[in-house]
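Everything below belongs to work.txt, which stores compact mmCIF, C-alpha atoms and all ligand atoms.
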```txt
# COMPACT_ATOMS: atom_id res chain seq x y z
CA MET P 1 10.27 -33.99 -25.48
CA ALA P 2 10.37 -30.49 -23.97
CA ASP P 3 11.72 -30.52 -20.43
CA LEU P 4 10.55 -27.46 -18.52
CA GLN P 5 12.22 -28.64 -15.32
CA ALA P 6 15.53 -28.66 -17.22
CA LEU P 7 14.71 -25.14 -18.44
CA ALA P 8 14.19 -24.05 -14.83
CA GLU P 9 17.55 -25.64 -13.93
CA ALA P 10 19.27 -23.86 -16.83
CA VAL P 11 17.95 -20.53 -15.48
CA ILE P 12 19.06 -21.39 -11.93
CA ASN P 13 22.52 -22.37 -13.23
CA GLY P 14 22.71 -19.24 -15.37
CA ASP P 15 23.29 -21.38 -18.47
CA ARG P 16 22.13 -18.98 -21.15
CA ASP P 17 22.76 -21.23 -24.18
CA GLU P 18 20.93 -24.13 -22.55
CA ALA P 19 18.00 -21.87 -21.55
CA VAL P 20 17.69 -20.69 -25.16
CA ARG P 21 17.98 -24.23 -26.54
CA LEU P 22 15.35 -25.65 -24.17
CA ALA P 23 12.98 -22.71 -24.67
CA GLN P 24 13.29 -23.11 -28.45
CA GLU P 25 12.75 -26.88 -28.18
CA ALA P 26 9.57 -26.29 -26.18
CA VAL P 27 8.35 -23.70 -28.69
CA ASP P 28 9.07 -26.06 -31.59
CA GLU P 29 7.13 -28.84 -29.88
CA GLY P 30 4.12 -26.57 -29.49
CA VAL P 31 4.25 -26.22 -25.70
CA PRO P 32 2.01 -23.22 -24.84
CA PRO P 33 4.18 -20.14 -24.21
CA GLU P 34 2.55 -19.48 -20.81
CA SER P 35 3.62 -22.98 -19.70
CA ILE P 36 7.18 -22.34 -20.85
CA VAL P 37 7.24 -19.13 -18.81
CA ASN P 38 5.31 -20.31 -15.74
CA GLU P 39 6.68 -23.85 -15.45
CA GLY P 40 10.19 -23.15 -16.73
CA MET P 41 11.43 -19.59 -16.42
CA ILE P 42 9.39 -18.46 -13.39
CA VAL P 43 10.00 -21.71 -11.47
CA GLY P 44 13.73 -21.14 -12.07
CA MET P 45 13.70 -17.49 -10.99
CA ASN P 46 11.58 -18.31 -7.93
CA GLU P 47 14.23 -20.78 -6.85
CA VAL P 48 16.94 -18.17 -7.52
CA GLY P 49 14.97 -15.78 -5.28
CA ARG P 50 14.71 -18.41 -2.55
CA ARG P 51 18.45 -19.13 -2.66
CA PHE P 52 19.24 -15.40 -2.68
CA LYS P 53 17.08 -14.85 0.43
CA ALA P 54 18.76 -17.82 2.10
CA ASN P 55 22.23 -16.40 1.30
CA GLU P 56 22.94 -19.46 -0.84
CA PHE P 57 23.18 -17.19 -3.92
CA TYR P 58 24.81 -13.75 -4.13
CA VAL P 59 24.41 -10.88 -6.57
CA PRO P 60 26.59 -12.35 -9.37
CA GLU P 61 24.63 -15.64 -9.43
CA VAL P 62 21.33 -13.74 -9.54
CA LEU P 63 22.55 -11.53 -12.39
CA ILE P 64 23.79 -14.53 -14.37
CA ALA P 65 20.49 -16.39 -13.79
CA ALA P 66 18.53 -13.30 -14.84
CA ARG P 67 20.62 -13.09 -18.01
CA ALA P 68 19.73 -16.71 -18.85
CA MET P 69 16.08 -15.98 -18.06
CA HIS P 70 16.12 -12.94 -20.37
CA ALA P 71 17.66 -14.98 -23.20
CA GLY P 72 14.96 -17.65 -22.78
CA MET P 73 12.26 -14.98 -22.62
CA ASP P 74 13.47 -13.53 -25.94
CA VAL P 75 12.57 -16.86 -27.57
CA VAL P 76 9.08 -16.95 -26.04
CA LYS P 77 8.15 -13.25 -26.06
CA PRO P 78 6.92 -13.06 -29.69
CA LEU P 79 4.51 -15.96 -28.99
CA LEU P 80 3.27 -14.36 -25.77
CA THR P 81 2.48 -11.19 -27.68
CA GLU P 82 0.68 -13.14 -30.42
CA SER P 83 -1.40 -15.15 -27.98
CA GLY P 84 -2.26 -12.03 -25.96
CA ILE P 85 -1.30 -13.55 -22.60
CA GLU P 86 -1.70 -11.05 -19.81
CA PRO P 87 1.25 -10.39 -17.50
CA ARG P 88 0.61 -10.62 -13.72
CA GLY P 89 0.82 -6.86 -13.56
CA ARG P 90 2.67 -3.87 -14.92
CA VAL P 91 5.39 -2.14 -12.92
CA VAL P 92 7.08 1.20 -13.55
CA ILE P 93 10.49 1.21 -11.88
CA GLY P 94 13.35 3.66 -11.47
CA THR P 95 15.84 5.10 -9.05
CA VAL P 96 14.76 8.39 -7.55
CA GLN P 97 16.06 11.79 -8.56
CA GLY P 98 19.78 12.23 -7.94
CA ASP P 99 20.45 8.53 -7.42
CA LEU P 100 22.65 6.70 -9.92
CA HIS P 101 22.92 3.39 -8.04
CA ASP P 102 21.11 0.97 -10.32
CA ILE P 103 22.48 -2.48 -9.49
CA GLY P 104 19.79 -3.21 -6.87
CA LYS P 105 17.08 -1.64 -9.01
CA ASN P 106 18.12 -3.80 -11.96
CA LEU P 107 18.03 -6.91 -9.78
CA VAL P 108 14.53 -6.04 -8.58
CA ALA P 109 13.41 -5.39 -12.17
CA MET P 110 14.86 -8.70 -13.37
CA MET P 111 13.30 -10.66 -10.53
CA LEU P 112 9.93 -9.05 -11.16
CA GLU P 113 10.20 -9.77 -14.88
CA GLY P 114 11.11 -13.34 -14.00
CA GLY P 115 8.02 -13.37 -11.76
CA GLY P 116 5.79 -12.62 -14.75
CA TYR P 117 5.46 -8.84 -14.48
CA GLU P 118 5.69 -6.45 -17.41
CA MET P 119 8.45 -4.00 -16.53
CA ILE P 120 8.76 -0.41 -17.64
CA ASP P 121 12.23 0.56 -16.49
CA LEU P 122 12.71 4.32 -16.49
CA GLY P 123 16.37 3.97 -15.49
CA VAL P 124 18.19 6.19 -13.01
CA ASP P 125 17.84 9.72 -11.61
CA ILE P 126 14.09 9.92 -12.22
CA PRO P 127 12.39 13.13 -11.07
CA PRO P 128 8.87 12.92 -9.58
CA ASP P 129 7.27 14.40 -12.71
CA GLN P 130 8.75 11.64 -14.86
CA PHE P 131 7.23 8.96 -12.62
CA VAL P 132 3.89 10.78 -12.90
CA GLU P 133 4.16 10.94 -16.71
CA ALA P 134 4.99 7.22 -16.82
CA VAL P 135 1.94 6.38 -14.70
CA ASP P 136 -0.19 8.48 -17.01
CA GLU P 137 1.25 6.82 -20.11
CA HIS P 138 1.47 3.18 -18.99
CA SER P 139 -1.25 2.80 -16.30
CA PRO P 140 0.88 0.45 -14.17
CA ASN P 141 -0.37 -1.44 -11.13
CA ILE P 142 2.77 -0.49 -9.22
CA VAL P 143 5.33 2.30 -9.09
CA ALA P 144 8.59 0.91 -7.71
CA MET P 145 11.30 3.28 -6.47
CA SER P 146 14.84 2.52 -5.40
CA ALA P 147 17.25 4.77 -3.46
CA LEU P 148 20.72 4.02 -2.10
CA LEU P 149 21.58 7.44 -0.70
CA THR P 150 20.06 8.95 2.42
CA THR P 151 20.16 12.26 0.56
CA THR P 152 17.97 10.97 -2.29
CA MET P 153 15.39 9.10 -0.18
CA PRO P 154 13.18 12.22 0.07
CA GLY P 155 12.66 11.82 -3.69
CA MET P 156 10.36 8.92 -2.79
CA LYS P 157 8.11 11.17 -0.75
CA ASP P 158 8.29 13.88 -3.43
CA THR P 159 7.13 11.32 -6.01
CA ILE P 160 4.24 10.16 -3.82
CA ASP P 161 3.28 13.83 -3.32
CA ALA P 162 3.49 14.41 -7.09
CA LEU P 163 1.24 11.40 -7.75
CA GLU P 164 -1.17 12.79 -5.16
CA GLY P 165 -1.03 16.23 -6.78
CA ALA P 166 -1.77 14.73 -10.20
CA GLY P 167 -4.80 12.87 -8.77
CA MET P 168 -3.16 9.50 -9.50
CA ARG P 169 -2.22 8.24 -6.05
CA ASP P 170 -5.24 5.95 -5.74
CA LYS P 171 -4.59 4.44 -9.20
CA VAL P 172 -1.25 2.82 -8.31
CA LYS P 173 0.46 1.04 -5.46
CA VAL P 174 3.84 2.42 -4.47
CA MET P 175 6.64 0.14 -3.33
CA ILE P 176 10.05 1.28 -2.23
CA GLY P 177 13.42 -0.23 -1.39
CA GLY P 178 17.15 0.26 -1.26
CA ALA P 179 19.79 -0.18 1.43
CA PRO P 180 18.91 2.87 3.61
CA VAL P 181 15.14 2.42 3.20
CA THR P 182 13.07 0.81 5.97
CA GLN P 183 9.50 -0.22 6.65
CA ASP P 184 9.26 2.72 9.08
CA TYR P 185 10.26 5.09 6.31
CA ALA P 186 7.68 3.54 3.97
CA ASP P 187 5.00 4.06 6.63
CA GLU P 188 6.17 7.59 7.28
CA ILE P 189 5.90 8.71 3.64
CA GLY P 190 2.73 6.77 2.86
CA ALA P 191 4.17 4.12 0.51
CA ASP P 192 2.11 0.95 0.19
CA GLY P 193 5.03 -1.38 0.82
CA TYR P 194 8.74 -1.85 1.40
CA ALA P 195 10.86 -4.83 0.39
CA PRO P 196 14.36 -5.43 1.78
CA ASP P 197 15.61 -7.40 -1.23
CA ALA P 198 14.80 -8.36 -4.79
CA ALA P 199 13.16 -11.69 -3.98
CA SER P 200 10.92 -10.08 -1.35
CA ALA P 201 9.99 -7.43 -3.91
CA VAL P 202 8.36 -10.16 -6.03
CA ASP P 203 6.30 -11.37 -3.05
CA LEU P 204 5.36 -7.81 -2.17
CA ALA P 205 4.22 -7.03 -5.73
CA ALA P 206 1.89 -10.05 -5.65
CA GLU P 207 0.50 -8.96 -2.26
CA LEU P 208 -0.06 -5.38 -3.41
CA ILE P 209 -1.81 -6.45 -6.59
CA SER P 210 -4.03 -9.02 -4.89
CA ALA P 211 -4.94 -6.44 -2.21
CA GLY P 212 -6.26 -4.37 -5.14
CO1 LIG X 301 27.80 4.61 -4.00
N1 LIG X 301 27.33 4.85 -2.11
N2 LIG X 301 27.98 6.55 -4.18
N3 LIG X 301 28.35 4.18 -5.78
N4 LIG X 301 27.84 2.80 -3.46
C1 LIG X 301 26.94 3.66 -1.37
C2 LIG X 301 25.45 3.44 -1.46
C3 LIG X 301 27.44 4.03 0.10
C4 LIG X 301 26.68 3.30 1.20
C5 LIG X 301 28.97 3.78 0.18
C6 LIG X 301 29.52 4.19 1.53
O1 LIG X 301 29.75 5.34 1.80
N5 LIG X 301 29.77 3.24 2.40
C7 LIG X 301 27.23 5.58 0.11
C8 LIG X 301 25.86 6.07 0.60
C9 LIG X 301 25.91 6.68 1.99
C10 LIG X 301 24.57 7.14 2.41
O2 LIG X 301 23.86 7.82 1.72
N6 LIG X 301 24.19 6.74 3.59
C11 LIG X 301 27.49 5.92 -1.35
C12 LIG X 301 27.89 7.20 -1.82
C13 LIG X 301 28.11 8.26 -0.74
C14 LIG X 301 28.07 7.49 -3.18
C15 LIG X 301 28.49 8.82 -3.81
C16 LIG X 301 27.85 10.08 -3.20
C17 LIG X 301 30.03 8.86 -3.75
C18 LIG X 301 30.62 10.18 -4.23
O3 LIG X 301 30.57 10.46 -5.39
N7 LIG X 301 31.15 10.92 -3.27
C19 LIG X 301 28.08 8.65 -5.30
C20 LIG X 301 26.65 9.10 -5.56
C21 LIG X 301 26.24 8.89 -7.00
C22 LIG X 301 24.75 9.16 -7.16
O4 LIG X 301 23.97 8.25 -7.05
N8 LIG X 301 24.41 10.41 -7.41
C23 LIG X 301 28.17 7.15 -5.42
C24 LIG X 301 28.49 6.51 -6.60
C25 LIG X 301 28.61 5.13 -6.75
C26 LIG X 301 29.08 4.46 -8.03
C27 LIG X 301 28.60 5.16 -9.31
C28 LIG X 301 30.59 4.44 -8.02
C29 LIG X 301 28.55 2.98 -7.81
C30 LIG X 301 27.15 2.73 -8.42
C31 LIG X 301 27.20 1.97 -9.74
C32 LIG X 301 25.82 1.54 -10.16
O5 LIG X 301 24.94 1.27 -9.38
N9 LIG X 301 25.66 1.45 -11.47
C33 LIG X 301 28.42 2.93 -6.31
C34 LIG X 301 28.32 1.71 -5.56
C35 LIG X 301 28.51 0.43 -6.36
C36 LIG X 301 28.08 1.70 -4.18
C37 LIG X 301 28.09 0.49 -3.23
C38 LIG X 301 29.57 0.09 -3.09
C39 LIG X 301 27.32 -0.74 -3.65
C40 LIG X 301 25.85 -0.49 -3.97
C41 LIG X 301 25.28 -1.73 -4.61
O6 LIG X 301 25.17 -1.82 -5.82
N10 LIG X 301 24.96 -2.77 -3.79
C42 LIG X 301 27.49 1.11 -1.90
C43 LIG X 301 28.16 0.60 -0.66
C44 LIG X 301 27.65 -0.73 -0.24
O7 LIG X 301 26.46 -0.98 -0.29
N11 LIG X 301 28.54 -1.56 0.17
C45 LIG X 301 27.52 2.57 -2.17
C46 LIG X 301 24.50 -4.08 -4.28
C47 LIG X 301 23.00 -4.02 -4.57
C48 LIG X 301 22.53 -5.37 -5.07
O8 LIG X 301 22.35 -3.76 -3.33
O9 LIG X 301 21.41 -1.58 -4.18
O10 LIG X 301 21.12 -2.29 -1.74
P1 LIG X 301 21.22 -2.66 -3.17
O11 LIG X 301 19.89 -3.40 -3.60
C49 LIG X 301 19.34 -4.46 -2.87
C50 LIG X 301 18.33 -4.03 -1.79
O12 LIG X 301 18.61 -2.75 -1.24
C51 LIG X 301 17.01 -4.11 -2.48
O13 LIG X 301 17.16 -5.20 -3.38
C52 LIG X 301 18.50 -5.23 -3.88
C53 LIG X 301 18.90 -6.68 -4.05
O14 LIG X 301 18.64 -7.42 -2.92
N12 LIG X 301 16.46 -3.02 -3.25
C54 LIG X 301 15.11 -2.91 -3.42
C55 LIG X 301 17.06 -2.05 -3.95
N13 LIG X 301 16.15 -1.29 -4.55
C56 LIG X 301 14.94 -1.80 -4.25
C57 LIG X 301 13.66 -1.41 -4.64
C58 LIG X 301 12.57 -2.17 -4.14
C59 LIG X 301 12.77 -3.24 -3.32
C60 LIG X 301 14.04 -3.65 -2.94
O15 LIG X 301 11.31 -1.87 -4.45
C61 LIG X 301 11.05 -0.87 -5.39
```

Could you express the structure from this file as structure tokens?
Ligand code: B1M
Amino acid sequence: MADLQALAEAVINGDRDEAVRLAQEAVDEGVPPESIVNEGMIVGMNEVGRRFKANEFYVPEVLIAARAMHAGMDVVKPLLTESGIEPRGRVVIGTVQGDLHDIGKNLVAMMLEGGGYEMIDLGVDIPPDQFVEAVDEHSPNIVAMSALLTTTMPGMKDTIDALEGAGMRDKVKVMIGGAPVTQDYADEIGADGYAPDAASAVDLAAELISAG
């Protein structure tokens, strides 16, 4: 019988083969795909986020867990699409113009995906206009920007200004993060939220979406 707790454990342990096997077993037994995701994969990634916040897990463990989660998701994704299950929200993410540091951004994207969000990852070095185009094309709930350089942080404000200029600012929430970024900076440039780490980014996304 499908064991979703074991699936969560496989994600936490970063055991990709086991995550795939258990996800497939659950699919074969007719467990609804949303249960496999919510009670297996997301439970696992939530625990990974908790351990990361508590300094019990470090970046490598999170990356390995996310890799297992992705492999499990690949088994379930076709069924989710067929059954038309809605994600918790859609997030456009990227590093700001001039910034090539993508390890933190990737972690945030993986944690959000593990938290049930549909991710549109634009990659690195994204100019304001490209964020605006992505908002126009994908109608996300959230635009998420990452910067690791003090010299590229102004790209966050430029992007908010560009969204404003395109008449889209009230259509999306903007969240920002990255080592030099602070809550004060978020307040200063008019972002809707700041998260210090990838696990907090998942909590913040939920808050921003529920605040409407
Ligand atoms: Co660069 N680099 N780097 N670098 N690099 C730093 C950032 C630096 C602090 C090193 C230093 O001088 N001590 C410094 C910045 C100084 C400053 O601006 N104050 C620096 C510099 C100067 C540079 C170059 C200019 C060096 C040069 O060429 N002269 C150059 C710039 C390139 C560019 O971007 N245009 C450069 C290049 C590189 C590499 C390419 C070699 C490489 C990046 C590889 C890659 O990412 N694919 C690199 C690396 C690896 C680093 C360090 C060593 C590590 C960064 C990292 O990945 N941390 C870094 C020094 C350090 O931090 N020790 C450094 C781990 C990652 C998990 O943490 O990204 O902070 P972080 O993400 C966290 C949180 O911040 C948060 O969640 C994540 C997980 O908890 N978070 C968000 C991140 N984004 C978020 C978004 C959110 C919410 C939370 O919401 C949207």

*asked:* Let me make sure I understand: among P:Ala144, P:Ala2, P:Tyr194, P:Val62, which one has the smallest atom-to-atom distance to Arg50 (chain P) if we use all atoms listed in the file?
replied: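 Looking only at the distances to Arg50 (chain P), the closest residue turns out to be P:Val62.
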
_Taking all atoms listed in the file and a cut-off of 9 Å, can you tell me which residues surround ligand LIG 301 (chain X), written as an MDAnalysis selection string?_
chainID P and resid 52:53 58:59 93:95 97:109 124:125 143:153 174:181 193:202 204:205

*P:Arg90, P:Arg169, P:Arg51, P:Arg21: which is nearest Gly72 (chain P), counting all atoms listed in the file?*
P:Arg21

*Name the residues in contact with Thr159 (chain P) at a cut-off of 8 Å, using only C-alpha atoms, excluding same-chain residues fewer than 2 positions from it; report them as a list in words.*
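The residues that qualify are Pro127, Pro128, Asp129, Phe131, Val132, Gly155, Met156, Lys157, Asp161, Ala162 and Leu163 of chain P.
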
_To one decimal place in Å, what is the distance between CA of Val91 (chain P) and CA of Ile42 (chain P)?_
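Here the two named atoms are 16.8 Å from each other.
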
*Between CA of Glu118 (chain P) and CA of Glu29 (chain P), what is the distance, to one decimal in Å?*
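According to the coordinates, CA of Glu118 (chain P) and CA of Glu29 (chain P) are separated by 25.7 Å.
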
*Tell me which of P:Ile64, P:Ile189, P:Leu7, P:Ile126 sits closest to Glu39 (chain P), counting all atoms listed in the file.*
P:Leu7

*If you measure from CA of Pro87 (chain P) to CA of Glu18 (chain P), what distance in Å do you get, rounded to one decimal?*
24.5 Å
